[in-house]
Structures are given as structure tokens and as C-alpha cells.
$ cat work23.cif   # mmCIF, C-alpha atoms
data_entry
#
loop_
_atom_site.label_atom_id
_atom_site.label_comp_id
_atom_site.auth_asym_id
_atom_site.auth_seq_id
_atom_site.Cartn_x
_atom_site.Cartn_y
_atom_site.Cartn_z
CA SER M 28 0.64 -30.48 26.43
CA SER M 29 -0.42 -33.54 24.44
CA LEU M 30 3.03 -35.08 24.91
CA TYR M 31 2.81 -34.59 28.67
CA SER M 32 -0.72 -36.05 28.71
CA LEU M 33 0.34 -39.17 26.81
CA THR M 34 3.36 -39.65 29.07
CA GLU M 35 1.22 -39.09 32.15
CA THR M 36 -1.25 -41.74 31.04
CA SER M 37 1.42 -44.34 30.34
CA THR M 38 3.25 -43.45 33.57
CA GLY M 39 0.05 -43.88 35.58
CA VAL M 40 -0.44 -47.38 34.16
CA THR M 41 3.17 -48.28 34.94
CA ALA M 42 2.87 -46.87 38.48
CA ASN M 43 -0.26 -48.89 39.17
CA ILE M 44 1.51 -52.09 38.14
CA ILE M 45 4.57 -51.30 40.28
CA VAL M 46 2.42 -50.41 43.31
CA LYS M 47 0.53 -53.68 43.09
CA ASP M 48 3.80 -55.63 42.85
CA ILE M 49 5.32 -53.78 45.81
CA GLU M 50 2.20 -54.28 47.92
CA ARG M 51 2.27 -57.99 47.15
CA ILE M 52 5.98 -58.25 48.01
CA MET M 53 5.66 -56.20 51.20
CA LEU M 54 2.70 -58.31 52.37
CA GLU M 55 5.04 -61.26 52.13
CA GLY M 56 7.45 -59.38 54.42
CA ARG M 57 10.24 -59.35 51.81
CA ALA M 58 11.54 -55.79 51.98
CA ASP M 59 14.86 -56.83 50.45
CA ILE M 60 13.08 -58.21 47.38
CA ALA M 61 11.09 -54.96 47.07
CA LYS M 62 14.35 -53.00 47.11
CA SER M 63 15.90 -55.29 44.47
CA TYR M 64 12.73 -55.06 42.41
CA LEU M 65 12.88 -51.25 42.38
CA GLU M 66 16.56 -51.25 41.48
CA SER M 67 15.96 -53.66 38.59
CA LEU M 68 13.30 -51.38 37.11
CA ARG M 69 15.37 -48.20 37.18
CA GLY M 70 16.34 -47.06 33.67
CA ALA M 71 13.84 -49.36 31.96
CA SER M 72 11.66 -47.97 29.17
CA GLY M 73 12.82 -44.38 29.64
CA LEU M 74 12.29 -44.46 33.41
CA ASP M 75 14.86 -42.03 34.83
CA GLU M 76 14.04 -42.46 38.48
CA LEU M 77 12.10 -45.01 40.52
CA LEU M 78 11.96 -44.58 44.29
CA LEU M 79 9.84 -45.69 47.19
CA VAL M 80 9.20 -42.60 49.33
CA HIS M 81 8.33 -42.91 53.05
CA TYR M 82 5.31 -40.94 54.37
CA ASP M 83 7.69 -38.43 56.02
CA GLY M 84 9.36 -37.65 52.70
CA ARG M 85 12.49 -39.75 53.09
CA GLN M 86 13.60 -42.31 50.53
CA ALA M 87 12.77 -45.81 51.68
CA PHE M 88 15.46 -48.38 52.31
CA THR M 89 17.87 -45.61 53.47
CA GLU M 90 19.04 -44.35 56.83
CA LYS M 91 16.43 -42.62 58.96
CA THR M 92 18.71 -39.61 59.17
CA SER M 93 18.58 -39.04 55.39
CA ALA M 94 17.04 -35.80 54.11
CA ALA M 95 13.28 -35.72 53.64
CA ALA M 96 13.46 -34.31 50.13
CA ASP M 97 9.80 -35.03 49.36
CA ALA M 98 8.30 -34.02 52.70
CA ASP M 99 6.04 -31.27 51.21
CA VAL M 100 4.84 -33.58 48.47
CA MET M 101 4.00 -36.35 50.93
CA LYS M 102 2.06 -33.92 53.13
CA LYS M 103 -0.08 -32.99 50.15
CA ILE M 104 -0.57 -36.62 49.15
CA SER M 105 -1.51 -37.52 52.74
CA ARG M 106 -4.27 -34.87 52.60
CA THR M 107 -5.65 -35.77 49.17
CA ARG M 108 -4.79 -39.51 49.01
CA ALA M 109 -4.58 -39.01 45.24
CA PRO M 110 -1.70 -39.36 42.79
CA LEU M 111 0.35 -36.20 42.26
CA VAL M 112 1.92 -35.20 38.97
CA GLN M 113 4.69 -32.63 38.54
CA ARG M 114 6.00 -31.29 35.24
CA VAL M 115 9.55 -30.03 35.63
CA ASP M 116 11.88 -29.08 32.75
CA LYS M 117 10.84 -31.69 30.16
CA LYS M 118 10.41 -34.23 32.91
CA LEU M 119 7.28 -35.82 34.32
CA ILE M 120 7.30 -36.89 37.99
CA LEU M 121 4.46 -39.03 39.30
CA TYR M 122 3.79 -39.89 42.94
CA ARG M 123 1.47 -42.88 43.36
CA PRO M 124 0.37 -43.21 47.02
CA LEU M 125 0.68 -46.44 48.98
CA GLU M 126 -2.36 -46.57 51.24
CA ASN M 127 -2.39 -48.25 54.61
CA ALA M 128 -5.11 -50.73 53.72
CA ALA M 129 -6.70 -53.17 56.19
CA ARG M 130 -4.39 -55.95 55.11
CA CYS M 131 -1.40 -53.75 55.94
CA LYS M 132 -2.51 -52.90 59.49
CA GLY M 133 -0.76 -55.94 60.90
CA CYS M 134 2.63 -54.30 60.40
CA HIS M 135 1.63 -50.63 60.14
CA ALA M 136 -1.13 -50.19 62.71
CA ALA M 137 0.56 -47.12 64.18
CA ASP M 138 1.40 -45.54 60.81
CA PRO M 139 -0.77 -42.97 58.99
CA GLU M 140 -3.33 -43.79 56.29
CA VAL M 141 -0.74 -43.14 53.56
CA LEU M 142 2.38 -45.20 54.14
CA GLY M 143 4.33 -43.60 51.33
CA ALA M 144 4.38 -43.29 47.57
CA VAL M 145 6.06 -44.73 44.56
CA LYS M 146 7.95 -41.95 42.78
CA LEU M 147 8.45 -42.34 39.03
CA SER M 148 10.33 -39.84 36.92
CA PHE M 149 10.18 -39.93 33.14
CA SER M 150 12.21 -37.69 30.86
CA ILE M 151 10.39 -36.61 27.74
CA GLU M 152 13.32 -34.65 26.34
CA LYS M 153 13.96 -37.20 23.61
CA GLU M 154 10.30 -37.32 22.65
CA TYR M 155 10.11 -33.53 22.94
CA ASN M 156 13.08 -33.06 20.62
CA SER M 157 11.61 -35.60 18.20
CA SER M 158 8.30 -33.77 18.31
CA ILE M 159 10.04 -30.43 17.67
CA ARG M 160 11.90 -31.91 14.70
CA LEU M 161 8.65 -33.38 13.42
CA ILE M 162 6.93 -30.01 13.85
CA TYR M 163 9.76 -28.29 11.94
CA ILE M 164 9.50 -30.89 9.19
CA VAL M 165 5.72 -30.47 9.03
CA ILE M 166 6.08 -26.69 8.91
CA LEU M 167 8.74 -26.94 6.20
CA VAL M 168 6.69 -29.40 4.15
CA THR M 169 3.55 -27.31 4.64
CA THR M 170 5.39 -24.15 3.61
CA LEU M 171 6.85 -25.87 0.56
CA ALA M 172 3.44 -27.30 -0.33
CA CYS M 173 1.85 -23.86 0.05
CA PHE M 174 4.58 -22.36 -2.13
CA LEU M 175 4.09 -25.00 -4.83
CA PHE M 176 0.32 -24.62 -4.57
CA SER M 177 0.72 -20.86 -4.95
CA ILE M 178 2.79 -21.36 -8.11
CA VAL M 179 0.22 -23.79 -9.53
CA LEU M 180 -2.62 -21.45 -8.55
CA TRP M 181 -0.82 -18.49 -10.13
CA ALA M 182 -0.27 -20.47 -13.33
CA MET M 183 -3.95 -21.45 -13.42
CA ILE M 184 -5.10 -17.88 -12.77
CA ARG M 185 -2.71 -16.61 -15.41
CA ARG M 186 -3.92 -19.15 -17.96
CA MET M 187 -7.63 -18.87 -17.11
CA VAL M 188 -7.98 -15.16 -16.26
CA ILE M 189 -4.99 -12.90 -16.88
CA THR M 190 -4.05 -14.10 -20.37
CA PRO M 191 -7.65 -14.05 -21.72
CA VAL M 192 -8.25 -10.60 -20.20
CA LYS M 193 -5.01 -9.38 -21.81
CA LYS M 194 -6.19 -10.73 -25.17
CA LEU M 195 -9.53 -8.96 -24.73
CA GLU M 196 -7.67 -5.75 -23.87
CA ASP M 197 -5.56 -6.02 -27.02
CA ALA M 198 -8.74 -6.72 -29.01
CA ALA M 199 -10.38 -3.62 -27.56
CA VAL M 200 -7.35 -1.51 -28.56
CA ARG M 201 -7.46 -2.86 -32.14
CA LEU M 202 -11.22 -2.30 -32.23
CA SER M 203 -10.72 1.32 -31.18
CA GLU M 204 -8.31 1.66 -34.10
CA GLY M 205 -11.00 0.36 -36.47
CA ASP M 206 -9.55 -3.12 -37.00
CA LEU M 207 -12.35 -5.69 -37.07
CA SER M 208 -10.33 -8.57 -38.50
CA PHE M 209 -8.82 -9.82 -35.22
CA ASN M 210 -9.64 -13.04 -33.34
CA THR M 211 -8.99 -13.40 -29.59
CA ASP M 212 -8.62 -17.21 -29.93
CA ILE M 213 -10.03 -17.86 -26.43
CA LYS M 214 -11.52 -21.36 -26.38
CA SER M 215 -12.31 -21.82 -22.70
CA ALA M 216 -15.84 -22.68 -21.57
CA ASP M 217 -15.97 -20.18 -18.70
CA GLU M 218 -17.48 -16.68 -18.61
CA ILE M 219 -14.45 -15.09 -20.28
CA GLY M 220 -14.55 -17.62 -23.12
CA ARG M 221 -18.27 -17.08 -23.65
CA PHE M 222 -17.77 -13.32 -23.57
CA SER M 223 -14.95 -13.56 -26.11
CA ARG M 224 -17.08 -15.64 -28.47
CA ALA M 225 -20.00 -13.21 -28.05
CA VAL M 226 -17.70 -10.28 -28.90
CA HIS M 227 -16.35 -12.14 -31.92
CA SER M 228 -19.90 -12.88 -33.12
CA SER M 229 -20.82 -9.22 -32.63
CA LEU M 230 -17.81 -8.13 -34.65
CA ILE M 231 -18.79 -10.50 -37.46
CA SER M 232 -22.30 -8.99 -37.44
CA ILE M 233 -20.85 -5.47 -37.44
CA SER M 234 -18.55 -6.41 -40.32
CA ASP M 235 -21.55 -7.71 -42.30
CA ILE M 236 -23.47 -4.51 -41.58
CA LEU M 237 -20.52 -2.36 -42.64
CA GLN M 238 -20.10 -4.46 -45.80
CA ARG M 239 -23.77 -3.93 -46.65
CA VAL M 240 -23.37 -0.21 -45.98
CA LYS M 241 -20.32 -0.15 -48.23
CA ASP M 242 -22.19 -1.96 -51.00
CA GLY M 243 -25.14 0.44 -50.64
CA SER M 244 -22.77 3.40 -50.76
CA SER M 245 -21.19 2.03 -53.94
CA ARG M 246 -24.58 1.66 -55.57
CA ILE M 247 -25.60 5.15 -54.50
CA THR M 248 -22.33 6.50 -55.89
CA ARG M 249 -22.94 4.78 -59.23
CA VAL M 250 -26.51 6.09 -59.36
CA ALA M 251 -25.30 9.59 -58.51
CA GLU M 252 -22.68 9.39 -61.26
CA ASN M 253 -25.35 8.25 -63.76
CA VAL M 254 -27.69 11.04 -62.67
CA SER M 255 -24.87 13.57 -62.97
CA ARG M 256 -23.96 12.34 -66.41
CA GLU M 257 -27.57 12.40 -67.61
CA SER M 258 -28.08 15.81 -66.01
CA LYS M 259 -25.05 17.06 -67.89
CA GLU M 260 -26.46 15.68 -71.14
CA VAL M 261 -29.84 17.33 -70.42
CA ILE M 262 -28.11 20.61 -69.71
CA GLU M 263 -26.09 20.33 -72.89
CA GLY M 264 -29.29 19.52 -74.88
CA THR M 265 -31.06 22.45 -73.28
CA MET M 266 -28.17 24.70 -74.23
CA LEU M 267 -28.32 23.42 -77.82
CA GLU M 268 -32.08 23.98 -77.97
CA THR M 269 -31.62 27.46 -76.51
CA GLU M 270 -29.01 28.22 -79.16
CA ALA M 271 -31.34 26.87 -81.85
CA ILE M 272 -34.19 29.00 -80.54
CA ASN M 273 -31.88 32.00 -80.61
CA ASN M 274 -30.94 31.20 -84.19
CA ILE M 275 -34.61 30.82 -85.14
CA SER M 276 -35.36 34.13 -83.48
CA ALA M 277 -32.56 35.76 -85.40
CA SER M 278 -33.85 34.22 -88.66
CA ILE M 279 -37.37 35.44 -87.89
CA GLU M 280 -36.05 38.91 -87.21
CA GLU M 281 -34.16 38.82 -90.53
CA MET M 282 -37.34 37.64 -92.26
CA ASN M 283 -39.28 40.44 -90.62
CA ALA M 284 -36.69 42.92 -91.83
CA SER M 285 -36.86 41.46 -95.36
CA VAL M 286 -40.67 41.58 -95.28
CA SER M 287 -40.45 45.20 -94.14
CA ASP M 288 -38.07 45.97 -96.98
CA ILE M 289 -40.35 44.23 -99.46
CA ALA M 290 -43.33 46.16 -98.11
CA GLU M 291 -41.49 49.42 -98.46
CA GLY M 292 -40.44 48.47 -102.02
CA THR M 293 -44.02 47.62 -102.80
CA ASP M 294 -45.20 50.87 -101.44
CA GLY M 295 -42.62 52.68 -103.64
CA LEU M 296 -43.78 50.87 -106.73
CA VAL M 297 -47.37 51.68 -105.99
CA ALA M 298 -46.47 55.26 -105.62
CA SER M 299 -44.54 55.29 -108.89
CA ALA M 300 -47.42 53.66 -110.70
CA GLU M 301 -49.80 56.29 -109.61
#
$ encode --input "work23.cif" --output "C-alpha cells"
Amino acid sequence: SSLYSLTETSTGVTANIIVKDIERIMLEGRADIAKSYLESLRGASGLDELLLVHYDGRQAFTEKTSAAADADVMKKISRTRAPLVQRVDKKLILYRPLENAARCKGCHAADPEVLGAVKLSFSIEKEYNSSIRLIYIVILVTTLACFLFSIVLWAMIRRMVITPVKKLEDAAVRLSEGDLSFNTDIKSADEIGRFSRAVHSSLISISDILQRVKDGSSRITRVAENVSRESKEVIEGTMLETEAINNISASIEEMNASVSDIAEGTDGLVASAE
């Protein structure tokens, strides 16, 4: 559509120039020069066809018995008195009317208001094919650029998102196994990097807490061992004291028995003395 519009604009300018030249030549009464002028312009600047069409649709400068190939077009132009553009199979055809102005009445007083039209035909096939090739090239370059951009974008996403997330996943697995000595080594300044550093700081704090718990447990173990050892010594001392008390009790019982024997002996002596 844009190609047709551009061609139509340039064709309209060309048609206006040709119409003015033909009007000037015809006012001079030099029909032969007008015919030569049209023939000299045919094929110039991509112009495929350049004809002067009579108001009845016949080609000018030909026999009156020639076919009126453009009769329907000229009827329409006679009604509208406006240029007519046709787009046919990569070809643009422009009809620029030649009006029967006041200065033309001297020779064409009996003719209608539109004496004829200048017919210009431009082929845009070459430009169309060039445009198609350009479109294909643009599509190919755009596709290639999108493909390369996709690769670059994938690499950036992999480096900035996927790889750090994979490292965090591996760190979580090691953490679930009780390993607190790992380091994700993520140094980016984005959210994932900040999260990784926060996790690492938390693990360091947890390690410190666990170390303090371990140290406290070691001290408690040593105190418990000391208490157990001292308790054992107290128990052993108690057992020794108990054994000593038992020995003392046995000695006292023996002394009591000896005293009883002495008392009985004394009683026997007293009895003998009496």
C-alpha cells in the first residue's frame, strides 16, 4: 500500500508536468510535436506506457476506427473531472484529464468539457520485488537478532538467577545433612546475593551458638565427672566409717561380754568368801 501511494504521488507530479506541456504544444497547433513528445517520453524513468486518450476512449493520433479501449474510464472521468487511478497486477495506471478550458474553445467549441486524458502506466514490479527482498532480509535479520538476544538473555538469566538458585539449593541440602561449613560464593548485589550473604551470616551465628553449646556441654561433662568421682569417694568413706562403726560395736559387745564375765567371777568370789 505504501509503495503504491509513493508511486501514485510521483506519477501525479509527472502527469501534471506532461499535461501542461501538451496543453502548451496543442495551443500552438502543433499536434505532430505533441505526438513526438509523447513518443520520446515512453520508457523513461520506469514509465511503461504513455498515451493521449480521446474523450471517446480511443487513443489519440490513431485512426478514428480504432477500438475505444478506455471508453468506460473516460465516461467516468467526464462525470467526475478528476484524475483516476487504477492498480492492476503490480502496475499503477493514472488518467489525468485534459479539460476543455476557455483558451481551448477556439478549436474545441463543439467538444465536451473533458477533451481526453493523459494515460500513464508505471510498473512497480521491480520496486515490489526489491521491497519483498528487503522485507525478507529484515525478517531474517530480526529473527537472527531475536535468536542472539535470546541466547544472551538466557546466559544472563542463567548467570544471575539459575546458577545462584542452584547453589542455594545445594547449600540447603548440605544444611539438611548438618554441614554448616559450606559457602555459596554468590557475590552479586541483587536480591539473591543479599539473601545468600544473609544465610551465610546466619550460619556463622548458628555455628557460634553451637560452639558455645558444645563448650558448655564439655564443662558440664567435666563437672559431672568431678561430682561422680567425689561422690564415689564420699560413698567409699561412708562405707569405711560404717565398717569402723561395726567394728567398734563388735568391740563394745566383746567388752560387755568380758565385763559380764568379770562380774560373774566377782560374784563367785564373793560367794566363796562368805
$ atom_distance --input "work23.cif" --atom1 "atom CA of Phe88 of chain M" --atom2 "atom CA of Ala58 of chain M"
8.4 Å
$ atom_distance --input "work23.cif" --atom1 "atom CA of Lys47 of chain M" --atom2 "atom CA of Val145 of chain M"
10.6 Å
$ atom_distance --input "work23.cif" --atom1 "atom CA of Val226 of chain M" --atom2 "atom CA of Arg201 of chain M"
13.1 Å
$ residues_around --input "work23.cif" --residues "Ile219 of chain M" --least-positions-apart "3" --cutoff "9 Å" --atoms "all atoms listed in the file" --output "ChimeraX atom specification"
/M:187-188,191-192,213,215-216,222-224
$ resolve_selection --input "work23.cif" --expression "the PyMOL selection byres ((chain M and resi 123) around 7)" --output "list in words"
Ala42, Pro110, Leu111, Leu121, Tyr122, Pro124, Leu125, Ala144, Val145 and Lys146 of chain M
$ closest_atom_pairs --input "work23.cif" --of "segment 124-198 of chain M" --to "segment 113-118 of chain M" --cutoff "10 Å" --atoms "only C-alpha atoms" --output "tab-separated table"
residue	atom	partner	partner_atom	distance
M:Ser148	CA	M:Lys118	CA	6.9
M:Phe149	CA	M:Lys118	CA	5.7
M:Ser150	CA	M:Lys118	CA	4.4
M:Ile151	CA	M:Lys117	CA	5.5
M:Glu152	CA	M:Lys117	CA	5.4
M:Lys153	CA	M:Lys117	CA	9.1
M:Glu154	CA	M:Lys117	CA	9.4
M:Tyr155	CA	M:Lys117	CA	7.5
M:Asn156	CA	M:Lys117	CA	9.9
$ resolve_selection --input "work23.cif" --expression "the PyMOL selection byres ((chain M and resi 65) around 9)" --output "JSON, numbers by chain"
{"M": [45, 49, 60, 61, 62, 63, 64, 66, 67, 68, 69, 77, 78, 79]}
